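Content type mmCIF, C-alpha atoms, from the file target_15.cif:
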```
data_my_file
#
loop_
_atom_site.group_PDB
_atom_site.id
_atom_site.type_symbol
_atom_site.label_atom_id
_atom_site.label_comp_id
_atom_site.auth_asym_id
_atom_site.auth_seq_id
_atom_site.Cartn_x
_atom_site.Cartn_y
_atom_site.Cartn_z
ATOM 1 C CA MET A 18 7.785 -6.144 -0.844
ATOM 2 C CA HIS A 19 6.316 -5.930 -4.320
ATOM 3 C CA ILE A 20 6.919 -9.333 -5.905
ATOM 4 C CA PRO A 21 8.353 -8.987 -9.451
ATOM 5 C CA ASP A 22 7.565 -11.210 -12.443
ATOM 6 C CA GLY A 23 9.426 -14.517 -12.305
ATOM 7 C CA PHE A 24 9.400 -15.223 -8.556
ATOM 8 C CA LEU A 25 6.044 -17.010 -8.679
ATOM 9 C CA ASP A 26 5.249 -20.009 -10.879
ATOM 10 C CA THR A 27 2.173 -20.116 -13.083
ATOM 11 C CA LYS A 28 -0.091 -22.068 -10.730
ATOM 12 C CA THR A 29 0.681 -19.676 -7.890
ATOM 13 C CA TRP A 30 0.312 -16.360 -9.718
ATOM 14 C CA LEU A 31 -2.749 -17.539 -11.606
ATOM 15 C CA GLY A 32 -4.331 -18.789 -8.382
ATOM 16 C CA MET A 33 -3.556 -15.555 -6.527
ATOM 17 C CA THR A 34 -4.875 -13.477 -9.457
ATOM 18 C CA LEU A 35 -8.174 -15.398 -9.366
ATOM 19 C CA VAL A 36 -8.465 -15.091 -5.566
ATOM 20 C CA SER A 37 -7.686 -11.342 -5.459
ATOM 21 C CA GLY A 38 -9.745 -10.587 -8.576
ATOM 22 C CA GLY A 39 -12.710 -12.498 -7.141
ATOM 23 C CA ILE A 40 -12.582 -10.731 -3.779
ATOM 24 C CA LEU A 41 -12.149 -7.331 -5.460
ATOM 25 C CA ALA A 42 -15.150 -7.966 -7.725
ATOM 26 C CA ALA A 43 -17.276 -9.086 -4.771
ATOM 27 C CA VAL A 44 -16.306 -6.026 -2.723
ATOM 28 C CA LEU A 45 -16.935 -3.600 -5.597
ATOM 29 C CA ARG A 46 -20.415 -5.077 -6.157
ATOM 30 C CA ARG A 47 -21.317 -4.474 -2.526
ATOM 31 C CA ILE A 48 -20.120 -0.859 -2.304
ATOM 32 C CA LYS A 49 -23.209 1.328 -2.660
ATOM 33 C CA HIS A 50 -23.295 4.510 -4.678
ATOM 34 C CA ALA A 51 -24.659 6.589 -1.800
ATOM 35 C CA ASP A 52 -21.915 5.375 0.520
ATOM 36 C CA ILE A 53 -19.068 6.059 -1.840
ATOM 37 C CA VAL A 54 -19.927 9.448 -3.335
ATOM 38 C CA ARG A 55 -19.122 11.564 -0.276
ATOM 39 C CA ARG A 56 -15.919 9.708 0.439
ATOM 40 C CA ILE A 57 -14.221 10.058 -2.949
ATOM 41 C CA PRO A 58 -12.024 13.017 -1.831
ATOM 42 C CA ILE A 59 -10.754 11.051 1.187
ATOM 43 C CA ILE A 60 -10.141 7.986 -0.972
ATOM 44 C CA GLY A 61 -8.102 10.109 -3.404
ATOM 45 C CA MET A 62 -6.200 11.738 -0.558
ATOM 46 C CA THR A 63 -5.380 8.380 1.036
ATOM 47 C CA ALA A 64 -4.267 6.853 -2.271
ATOM 48 C CA ALA A 65 -2.022 9.874 -2.966
ATOM 49 C CA LEU A 66 -0.458 9.752 0.516
ATOM 50 C CA VAL A 67 0.142 5.974 0.367
ATOM 51 C CA PHE A 68 1.685 6.257 -3.098
ATOM 52 C CA ALA A 69 3.982 9.137 -2.176
ATOM 53 C CA ALA A 70 5.069 7.594 1.131
ATOM 54 C CA GLN A 71 5.760 4.223 -0.535
ATOM 55 C CA MET A 72 8.390 5.918 -2.720
ATOM 56 C CA LEU A 73 10.437 6.898 0.319
ATOM 57 C CA ASN A 74 12.727 3.950 1.002
ATOM 58 C CA PHE A 75 14.576 4.287 4.281
ATOM 59 C CA PRO A 76 17.780 2.337 4.977
ATOM 60 C CA VAL A 77 17.616 -0.397 7.619
ATOM 61 C CA ALA A 78 20.341 -2.718 8.931
ATOM 62 C CA GLY A 79 22.333 -5.024 6.672
ATOM 63 C CA GLY A 80 22.355 -3.175 3.343
ATOM 64 C CA THR A 81 18.606 -3.316 3.110
ATOM 65 C CA SER A 82 15.984 -0.623 2.706
ATOM 66 C CA GLY A 83 12.347 -0.631 3.578
ATOM 67 C CA HIS A 84 9.410 1.518 2.687
ATOM 68 C CA PHE A 85 6.003 2.306 4.053
ATOM 69 C CA MET A 86 3.220 -0.080 3.011
ATOM 70 C CA GLY A 87 0.284 1.836 4.446
ATOM 71 C CA GLY A 88 -2.262 -0.960 4.685
ATOM 72 C CA VAL A 89 -3.331 -0.202 8.243
ATOM 73 C CA PHE A 90 -3.135 3.564 7.563
ATOM 74 C CA CYS A 91 -5.436 3.149 4.562
ATOM 75 C CA CYS A 92 -8.013 0.940 6.326
ATOM 76 C CA ILE A 93 -8.131 3.061 9.496
ATOM 77 C CA LEU A 94 -8.903 6.110 7.355
ATOM 78 C CA LEU A 95 -11.414 4.467 5.025
ATOM 79 C CA GLY A 96 -12.634 1.285 6.667
ATOM 80 C CA PRO A 97 -11.447 -2.221 5.781
ATOM 81 C CA TRP A 98 -13.124 -2.808 2.402
ATOM 82 C CA THR A 99 -12.784 0.669 0.927
ATOM 83 C CA GLY A 100 -9.195 0.484 2.194
ATOM 84 C CA PHE A 101 -8.718 -2.810 0.357
ATOM 85 C CA VAL A 102 -10.020 -1.305 -2.916
ATOM 86 C CA THR A 103 -7.798 1.776 -2.449
ATOM 87 C CA MET A 104 -4.672 -0.309 -1.768
ATOM 88 C CA SER A 105 -5.489 -2.391 -4.875
ATOM 89 C CA LEU A 106 -5.739 0.831 -6.874
ATOM 90 C CA VAL A 107 -2.327 2.065 -5.698
ATOM 91 C CA LEU A 108 -0.700 -1.344 -6.324
ATOM 92 C CA THR A 109 -2.182 -1.424 -9.840
ATOM 93 C CA VAL A 110 -0.885 2.085 -10.625
ATOM 94 C CA GLN A 111 2.572 1.101 -9.327
ATOM 95 C CA CYS A 112 2.563 -2.071 -11.412
ATOM 96 C CA LEU A 113 1.268 -0.621 -14.700
ATOM 97 C CA ILE A 114 2.817 2.851 -14.730
ATOM 98 C CA PHE A 115 5.972 2.387 -12.628
ATOM 99 C CA GLN A 116 6.877 -1.265 -13.176
ATOM 100 C CA ASP A 117 6.956 -1.814 -9.415
ATOM 101 C CA GLY A 118 5.715 -5.350 -8.838
ATOM 102 C CA GLY A 119 5.142 -7.726 -11.752
ATOM 103 C CA LEU A 120 1.885 -7.885 -13.682
ATOM 104 C CA THR A 121 1.718 -11.639 -13.111
ATOM 105 C CA ALA A 122 2.372 -11.039 -9.391
ATOM 106 C CA LEU A 123 -0.217 -8.255 -9.066
ATOM 107 C CA GLY A 124 -2.839 -10.643 -7.689
ATOM 108 C CA ALA A 125 -0.377 -11.946 -5.097
ATOM 109 C CA ASN A 126 0.748 -8.406 -4.209
ATOM 110 C CA ILE A 127 -2.875 -7.283 -3.791
ATOM 111 C CA PHE A 128 -3.528 -10.343 -1.623
ATOM 112 C CA ASN A 129 -0.427 -9.830 0.572
ATOM 113 C CA MET A 130 -0.457 -6.059 1.004
ATOM 114 C CA GLY A 131 -4.034 -5.062 0.112
ATOM 115 C CA LEU A 132 -5.932 -7.854 1.845
ATOM 116 C CA ILE A 133 -3.855 -9.563 4.555
ATOM 117 C CA GLY A 134 -1.672 -6.551 5.369
ATOM 118 C CA SER A 135 -4.531 -4.058 5.207
ATOM 119 C CA VAL A 136 -7.881 -5.659 6.061
ATOM 120 C CA GLY A 137 -6.088 -8.110 8.351
ATOM 121 C CA GLY A 138 -4.181 -5.242 9.943
ATOM 122 C CA PHE A 139 -7.413 -3.301 10.430
ATOM 123 C CA TYR A 140 -9.019 -6.120 12.414
ATOM 124 C CA LEU A 141 -5.796 -6.552 14.379
ATOM 125 C CA TYR A 142 -6.141 -2.885 15.316
ATOM 126 C CA GLY A 143 -9.635 -3.607 16.645
ATOM 127 C CA PHE A 144 -8.238 -6.536 18.611
ATOM 128 C CA PHE A 145 -5.405 -4.454 20.099
ATOM 129 C CA ARG A 146 -7.871 -1.706 21.022
ATOM 130 C CA LEU A 147 -9.770 -4.278 23.095
ATOM 131 C CA LEU A 148 -6.586 -5.403 24.809
ATOM 132 C CA ILE A 149 -5.284 -1.954 25.614
ATOM 133 C CA TRP A 150 -8.096 0.092 26.996
ATOM 134 C CA GLY A 151 -9.040 3.682 26.326
ATOM 135 C CA ASP A 152 -8.404 6.495 23.845
ATOM 136 C CA ARG A 153 -5.001 7.350 25.215
ATOM 137 C CA THR A 154 -3.612 4.044 24.028
ATOM 138 C CA ARG A 155 -4.828 4.500 20.454
ATOM 139 C CA PRO A 156 -1.272 5.191 19.193
ATOM 140 C CA ALA A 157 -0.032 1.950 20.752
ATOM 141 C CA ALA A 158 -2.732 0.012 18.923
ATOM 142 C CA TYR A 159 -1.854 1.769 15.617
ATOM 143 C CA ALA A 160 1.805 0.851 16.104
ATOM 144 C CA LEU A 161 1.215 -2.781 17.077
ATOM 145 C CA ALA A 162 -1.300 -3.372 14.277
ATOM 146 C CA SER A 163 0.901 -1.828 11.578
ATOM 147 C CA TRP A 164 4.023 -3.709 12.697
ATOM 148 C CA THR A 165 2.083 -6.990 12.691
ATOM 149 C CA SER A 166 0.540 -6.156 9.296
ATOM 150 C CA ILE A 167 4.021 -6.021 7.730
ATOM 151 C CA MET A 168 4.914 -9.382 9.284
ATOM 152 C CA LEU A 169 1.671 -10.931 7.991
ATOM 153 C CA ALA A 170 2.239 -9.602 4.452
ATOM 154 C CA ALA A 171 5.868 -10.836 4.501
ATOM 155 C CA ALA A 172 4.718 -14.258 5.718
ATOM 156 C CA CYS A 173 2.200 -14.473 2.853
ATOM 157 C CA ALA A 174 4.960 -13.645 0.356
ATOM 158 C CA ALA A 175 7.146 -16.397 1.892
ATOM 159 C CA PHE A 176 4.288 -18.906 1.522
ATOM 160 C CA GLU A 177 3.768 -17.947 -2.133
ATOM 161 C CA LEU A 178 7.505 -18.203 -2.864
ATOM 162 C CA SER A 179 7.656 -21.645 -1.302
ATOM 163 C CA PHE A 180 4.483 -22.766 -3.107
ATOM 164 C CA SER A 181 6.197 -21.666 -6.334
ATOM 165 C CA ASN A 182 9.266 -23.782 -5.432
ATOM 166 C CA THR A 183 11.335 -20.578 -5.573
ATOM 167 C CA ILE A 184 12.622 -20.971 -2.026
ATOM 168 C CA GLU A 185 11.891 -23.500 0.724
ATOM 169 C CA LEU A 186 9.547 -22.300 3.454
ATOM 170 C CA SER A 187 12.025 -23.265 6.208
ATOM 171 C CA ILE A 188 14.575 -20.852 4.685
ATOM 172 C CA GLY A 189 12.362 -18.203 3.094
ATOM 173 C CA MET A 190 10.043 -17.636 6.057
ATOM 174 C CA PRO A 191 12.683 -16.747 8.693
ATOM 175 C CA ALA A 192 14.545 -14.592 6.143
ATOM 176 C CA MET A 193 11.415 -12.644 5.180
ATOM 177 C CA LEU A 194 10.239 -12.256 8.780
ATOM 178 C CA SER A 195 13.596 -11.102 10.160
ATOM 179 C CA ALA A 196 14.078 -8.549 7.352
ATOM 180 C CA HIS A 197 10.565 -7.184 7.798
ATOM 181 C CA ALA A 198 10.641 -7.131 11.607
ATOM 182 C CA ILE A 199 12.924 -4.088 11.291
ATOM 183 C CA ILE A 200 11.057 -2.528 8.364
ATOM 184 C CA GLY A 201 7.884 -2.942 10.451
ATOM 185 C CA ILE A 202 9.276 -0.542 13.054
ATOM 186 C CA GLY A 203 9.414 2.113 10.318
ATOM 187 C CA GLU A 204 5.884 1.199 9.280
ATOM 188 C CA ALA A 205 4.639 1.512 12.861
ATOM 189 C CA THR A 206 6.354 4.883 13.354
ATOM 190 C CA ILE A 207 5.021 6.385 10.115
ATOM 191 C CA THR A 208 1.485 4.964 10.522
ATOM 192 C CA THR A 209 1.165 6.199 14.100
ATOM 193 C CA THR A 210 2.640 9.650 13.403
ATOM 194 C CA ALA A 211 0.530 10.184 10.275
ATOM 195 C CA LEU A 212 -2.754 9.045 11.834
ATOM 196 C CA MET A 213 -2.227 11.064 15.014
ATOM 197 C CA ALA A 214 -1.383 14.111 12.839
ATOM 198 C CA ILE A 215 -4.636 13.707 10.904
ATOM 199 C CA TRP A 216 -6.541 13.398 14.215
ATOM 200 C CA ARG A 217 -5.003 16.669 15.270
ATOM 201 C CA ILE A 218 -5.330 18.634 12.024
ATOM 202 C CA LYS A 219 -8.671 17.378 10.627
ATOM 203 C CA PRO A 220 -10.495 15.142 13.112
ATOM 204 C CA GLU A 221 -13.568 15.144 10.831
ATOM 205 C CA ILE A 222 -11.616 12.987 8.366
ATOM 206 C CA MET A 223 -11.141 10.329 11.057
ATOM 207 C CA GLN A 224 -14.797 10.421 12.020
ATOM 208 C CA ILE A 225 -16.407 9.497 8.691
ATOM 209 C CA ARG A 226 -18.460 6.325 8.499
ATOM 210 C CA LYS A 227 -16.266 3.424 7.472
ATOM 211 C CA PHE A 228 -16.863 0.115 5.777
ATOM 212 C CA MET B 13 -19.138 17.315 4.808
ATOM 213 C CA ILE B 14 -15.738 16.334 3.470
ATOM 214 C CA THR B 15 -14.849 18.129 0.241
ATOM 215 C CA ILE B 16 -11.740 18.441 -1.895
ATOM 216 C CA LYS B 17 -10.970 21.557 0.154
ATOM 217 C CA THR B 18 -10.851 19.492 3.364
ATOM 218 C CA VAL B 19 -8.313 17.055 1.942
ATOM 219 C CA LEU B 20 -6.257 19.608 -0.013
ATOM 220 C CA PRO B 21 -3.583 20.054 2.709
ATOM 221 C CA PHE B 22 -2.970 16.315 2.658
ATOM 222 C CA LEU B 23 -2.750 16.178 -1.133
ATOM 223 C CA LEU B 24 -0.182 18.987 -0.893
ATOM 224 C CA ALA B 25 1.725 17.029 1.765
ATOM 225 C CA ALA B 26 1.752 13.967 -0.512
ATOM 226 C CA LEU B 27 2.981 16.055 -3.455
ATOM 227 C CA LEU B 28 5.737 17.603 -1.340
ATOM 228 C CA LEU B 29 6.862 14.159 -0.138
ATOM 229 C CA ALA B 30 6.871 12.800 -3.683
ATOM 230 C CA ALA B 31 8.636 15.842 -5.089
ATOM 231 C CA PHE B 32 11.262 16.705 -2.525
ATOM 232 C CA LEU B 33 11.918 13.580 -0.456
ATOM 233 C CA SER B 34 11.715 10.870 -3.125
ATOM 234 C CA PRO B 35 15.018 11.875 -4.790
ATOM 235 C CA PHE B 36 16.668 11.165 -1.413
ATOM 236 C CA ALA B 37 15.028 7.755 -0.949
ATOM 237 C CA SER B 38 17.414 4.881 -0.266
ATOM 238 C CA SER B 39 18.279 2.882 -3.368
ATOM 239 C CA LEU B 40 19.343 -0.159 -1.351
ATOM 240 C CA PRO B 41 17.379 -3.355 -2.141
ATOM 241 C CA ASP B 42 14.120 -3.618 -0.188
ATOM 242 C CA GLY B 43 13.299 -6.470 2.201
ATOM 243 C CA LEU B 44 12.162 -8.934 -0.438
ATOM 244 C CA GLU B 45 14.914 -8.004 -2.947
ATOM 245 C CA ARG B 46 17.556 -8.404 -0.247
ATOM 246 C CA VAL B 47 16.185 -11.801 0.832
ATOM 247 C CA ALA B 48 16.209 -12.851 -2.837
ATOM 248 C CA GLU B 49 19.866 -11.759 -3.169
ATOM 249 C CA VAL B 50 21.021 -13.480 0.006
ATOM 250 C CA LEU B 51 19.155 -16.703 -0.720
ATOM 251 C CA GLY B 52 20.143 -16.596 -4.390
ATOM 252 C CA PHE B 53 16.775 -16.547 -6.123
ATOM 253 C CA ASP B 54 17.047 -12.964 -7.387
ATOM 254 C CA GLU B 55 18.147 -14.417 -10.740
ATOM 255 C CA SER B 56 14.636 -15.722 -11.338
ATOM 256 C CA ALA B 57 13.214 -12.185 -11.567
ATOM 257 C CA ILE B 58 12.266 -11.319 -15.137
ATOM 258 C CA ASP B 59 13.945 -8.034 -15.971
ATOM 259 C CA LYS B 60 12.133 -7.533 -19.232
ATOM 260 C CA PRO B 61 8.615 -6.622 -18.146
ATOM 261 C CA ILE B 62 5.552 -8.222 -19.673
ATOM 262 C CA VAL B 63 4.001 -4.820 -20.253
ATOM 263 C CA THR B 64 6.170 -1.754 -20.790
ATOM 264 C CA SER B 65 5.504 0.916 -18.189
ATOM 265 C CA PRO B 66 5.660 4.579 -19.165
ATOM 266 C CA LEU B 67 7.645 5.542 -16.026
ATOM 267 C CA PRO B 68 9.729 2.467 -15.124
ATOM 268 C CA ASP B 69 11.350 2.432 -11.654
ATOM 269 C CA TYR B 70 9.869 5.838 -10.806
ATOM 270 C CA THR B 71 11.815 7.708 -13.475
ATOM 271 C CA VAL B 72 10.901 9.577 -16.648
ATOM 272 C CA PRO B 73 12.958 7.845 -19.363
ATOM 273 C CA ALA B 74 13.504 11.128 -21.263
ATOM 274 C CA LEU B 75 15.096 12.674 -18.151
ATOM 275 C CA GLY B 76 17.356 9.701 -17.386
ATOM 276 C CA ASP B 77 18.259 8.681 -13.849
ATOM 277 C CA THR B 78 18.225 12.124 -12.239
ATOM 278 C CA SER B 79 16.555 13.718 -9.221
ATOM 279 C CA LEU B 80 14.346 15.733 -11.549
ATOM 280 C CA SER B 81 13.254 12.505 -13.199
ATOM 281 C CA THR B 82 12.255 10.954 -9.848
ATOM 282 C CA LEU B 83 10.543 14.181 -8.815
ATOM 283 C CA ALA B 84 8.475 14.289 -12.010
ATOM 284 C CA ALA B 85 7.559 10.596 -11.760
ATOM 285 C CA GLY B 86 6.621 10.965 -8.087
ATOM 286 C CA VAL B 87 4.395 13.981 -8.668
ATOM 287 C CA THR B 88 2.718 12.291 -11.652
ATOM 288 C CA GLY B 89 2.012 9.124 -9.678
ATOM 289 C CA THR B 90 0.643 11.043 -6.696
ATOM 290 C CA LEU B 91 -1.731 13.020 -8.925
ATOM 291 C CA VAL B 92 -2.808 9.850 -10.775
ATOM 292 C CA CYS B 93 -3.591 8.180 -7.428
ATOM 293 C CA PHE B 94 -5.522 11.242 -6.233
ATOM 294 C CA PHE B 95 -7.662 11.646 -9.342
ATOM 295 C CA LEU B 96 -8.170 7.970 -10.217
ATOM 296 C CA PRO B 97 -10.985 7.422 -7.667
ATOM 297 C CA PHE B 98 -12.837 10.482 -9.082
ATOM 298 C CA THR B 99 -12.350 9.208 -12.640
ATOM 299 C CA LEU B 100 -13.463 5.661 -11.854
ATOM 300 C CA TYR B 101 -16.508 7.002 -10.022
ATOM 301 C CA LEU B 102 -17.537 9.217 -12.950
ATOM 302 C CA LEU B 103 -16.986 6.394 -15.443
ATOM 303 C CA ARG B 104 -19.126 4.049 -13.399
ATOM 304 C CA LYS B 105 -21.928 6.553 -12.874
ATOM 305 C CA ARG B 106 -22.477 6.958 -16.602
#
```

Step by step, read the file and then write its structure as structure tokens.
Amino acid sequence: MHIPDGFLDTKTWLGMTLVSGGILAAVLRRIKHADIVRRIPIIGMTAALVFAAQMLNFPVAGGTSGHFMGGVFCCILLGPWTGFVTMSLVLTVQCLIFQDGGLTALGANIFNMGLIGSVGGFYLYGFFRLLIWGDRTRPAAYALASWTSIMLAAACAAFELSFSNTIELSIGMPAMLSAHAIIGIGEATITTTALMAIWRIKPEIMQIRKF
Amino acid sequence: MITIKTVLPFLLAALLLAAFLSPFASSLPDGLERVAEVLGFDESAIDKPIVTSPLPDYTVPALGDTSLSTLAAGVTGTLVCFFLPFTLYLLRKR
């Protein structure tokens, strides 16, 4: 759901650029050298996996395709704020090198997918873990959190489109949510499978300190 | 201690996905594009980008719209994403 140039009006894209840029700057200032140095290989690995998996559009109903977003995947591996920075990195590479998502919409895309869909999804995971008890239900919490993260990101995009007078909220919101409810099932399947595979292959990657 | 060696299998997995599955990715419009089509605001997208990207739409312009082109773009992007955190870290340390 990378928003292209032209969907958002100036007040909206400028506002979202300032919000995302401000949060990114604040987060980067707080990340300490000692904390980051040992985690660079995992950050690179996560960014590479998210990028590659995002290229793989799968067909869903009604002539539509969807692709992995990876916000919850990223934040579970790295922690919410490192995950946010990593998602921002991937979105910036996609925008600048691959023309996926407009430059004016980059702030909005970082906000929707990097912040709400990722950091928001991460805390949803924590919430679902409290609701469904025990280690055995970890996959269920991954699935629920990643499905909801897609819905949250799609809802943010609908708000921005309506704020830009591109499409009314009463029309845009149900359209975005119904399209992404199906795509979210793909997201949940991929997130859960990938994270459980990493638990199995290299549990030490899942056990690093996260922030 | 997590080193490059620890994460190497996953980098390889990412490269394999980008190289061999991306040419088979669905080219149908994604969720947002489809909503824009159905609701009729897809016209407001600006086709001419504000900055020109070297690999637009995950293709290498010199290779045209071929599987090889997508493969090359996918592998490049995956490597850029893997090495960018190392590069940014080294730049900041100096």

### Task
Report the residues retrieved by the PyMOL selection byres ((chain A) within 8 of (chain B)) from the displayed file, expressed as a count of residues only.
55

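Going from atom CA of A:Ser135 over to atom CA of B:Leu83, you cover 27.5 Å.
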
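Counting from atom CA of A:Val36, the distance to atom CA of A:Ala160 is 28.8 Å.
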
### Task
Considering all atoms listed in the file, return as a ChimeraX atom specification whatever protein or nucleic-acid residues lie within 10 Å of stretch 126-130 of chain A, sequence-local ones (same chain, fewer than 2 positions apart) excluded.
/A:18-21,30,33-34,36-38,40-41,86-89,101-102,104-109,112,118-124,132-138,166-167,169-174,177

How would stretch 47-60 of chain B read, as a CSV table (one decimal), in the coordinates of the input, once N, CA, C and O atoms are built in?
```
chain,number,residue,atom,x,y,z
B,47,VAL,N,16.3,-10.4,0.5
B,47,VAL,CA,16.2,-11.8,0.8
B,47,VAL,C,16.5,-12.6,-0.4
B,47,VAL,O,17.2,-13.6,-0.4
B,48,ALA,N,16.0,-12.1,-1.6
B,48,ALA,CA,16.2,-12.9,-2.8
B,48,ALA,C,17.7,-12.9,-3.2
B,48,ALA,O,18.2,-13.9,-3.6
B,49,GLU,N,18.4,-11.8,-2.9
B,49,GLU,CA,19.9,-11.8,-3.2
B,49,GLU,C,20.6,-12.7,-2.3
B,49,GLU,O,21.4,-13.6,-2.7
B,50,VAL,N,20.3,-12.7,-1.0
B,50,VAL,CA,21.0,-13.5,0.0
B,50,VAL,C,20.8,-15.0,-0.2
B,50,VAL,O,21.7,-15.8,-0.2
B,51,LEU,N,19.5,-15.3,-0.5
B,51,LEU,CA,19.2,-16.7,-0.7
B,51,LEU,C,19.4,-17.2,-2.2
B,51,LEU,O,19.1,-18.3,-2.5
B,52,GLY,N,19.8,-16.2,-3.0
B,52,GLY,CA,20.1,-16.6,-4.4
B,52,GLY,C,19.0,-16.9,-5.4
B,52,GLY,O,19.2,-17.6,-6.3
B,53,PHE,N,17.8,-16.4,-5.1
B,53,PHE,CA,16.8,-16.5,-6.1
B,53,PHE,C,16.4,-15.3,-6.9
B,53,PHE,O,15.5,-15.2,-7.6
B,54,ASP,N,17.3,-14.2,-6.7
B,54,ASP,CA,17.0,-13.0,-7.4
B,54,ASP,C,17.2,-13.1,-8.9
B,54,ASP,O,16.6,-12.4,-9.7
B,55,GLU,N,17.9,-14.2,-9.3
B,55,GLU,CA,18.1,-14.4,-10.7
B,55,GLU,C,16.8,-14.8,-11.5
B,55,GLU,O,16.7,-14.5,-12.7
B,56,SER,N,15.9,-15.3,-10.7
B,56,SER,CA,14.6,-15.7,-11.3
B,56,SER,C,13.7,-14.6,-11.7
B,56,SER,O,12.7,-14.7,-12.3
B,57,ALA,N,14.0,-13.3,-11.2
B,57,ALA,CA,13.2,-12.2,-11.6
B,57,ALA,C,13.4,-11.9,-13.1
B,57,ALA,O,14.4,-12.0,-13.6
B,58,ILE,N,12.2,-11.6,-13.7
B,58,ILE,CA,12.3,-11.3,-15.1
B,58,ILE,C,12.5,-9.8,-15.3
B,58,ILE,O,11.6,-9.0,-14.9
B,59,ASP,N,13.6,-9.5,-15.8
B,59,ASP,CA,13.9,-8.0,-16.0
B,59,ASP,C,13.1,-7.4,-17.0
B,59,ASP,O,12.7,-6.2,-16.9
B,60,LYS,N,12.9,-8.1,-18.1
B,60,LYS,CA,12.1,-7.5,-19.2
B,60,LYS,C,10.7,-7.7,-18.8
B,60,LYS,O,10.2,-8.8,-18.7
```
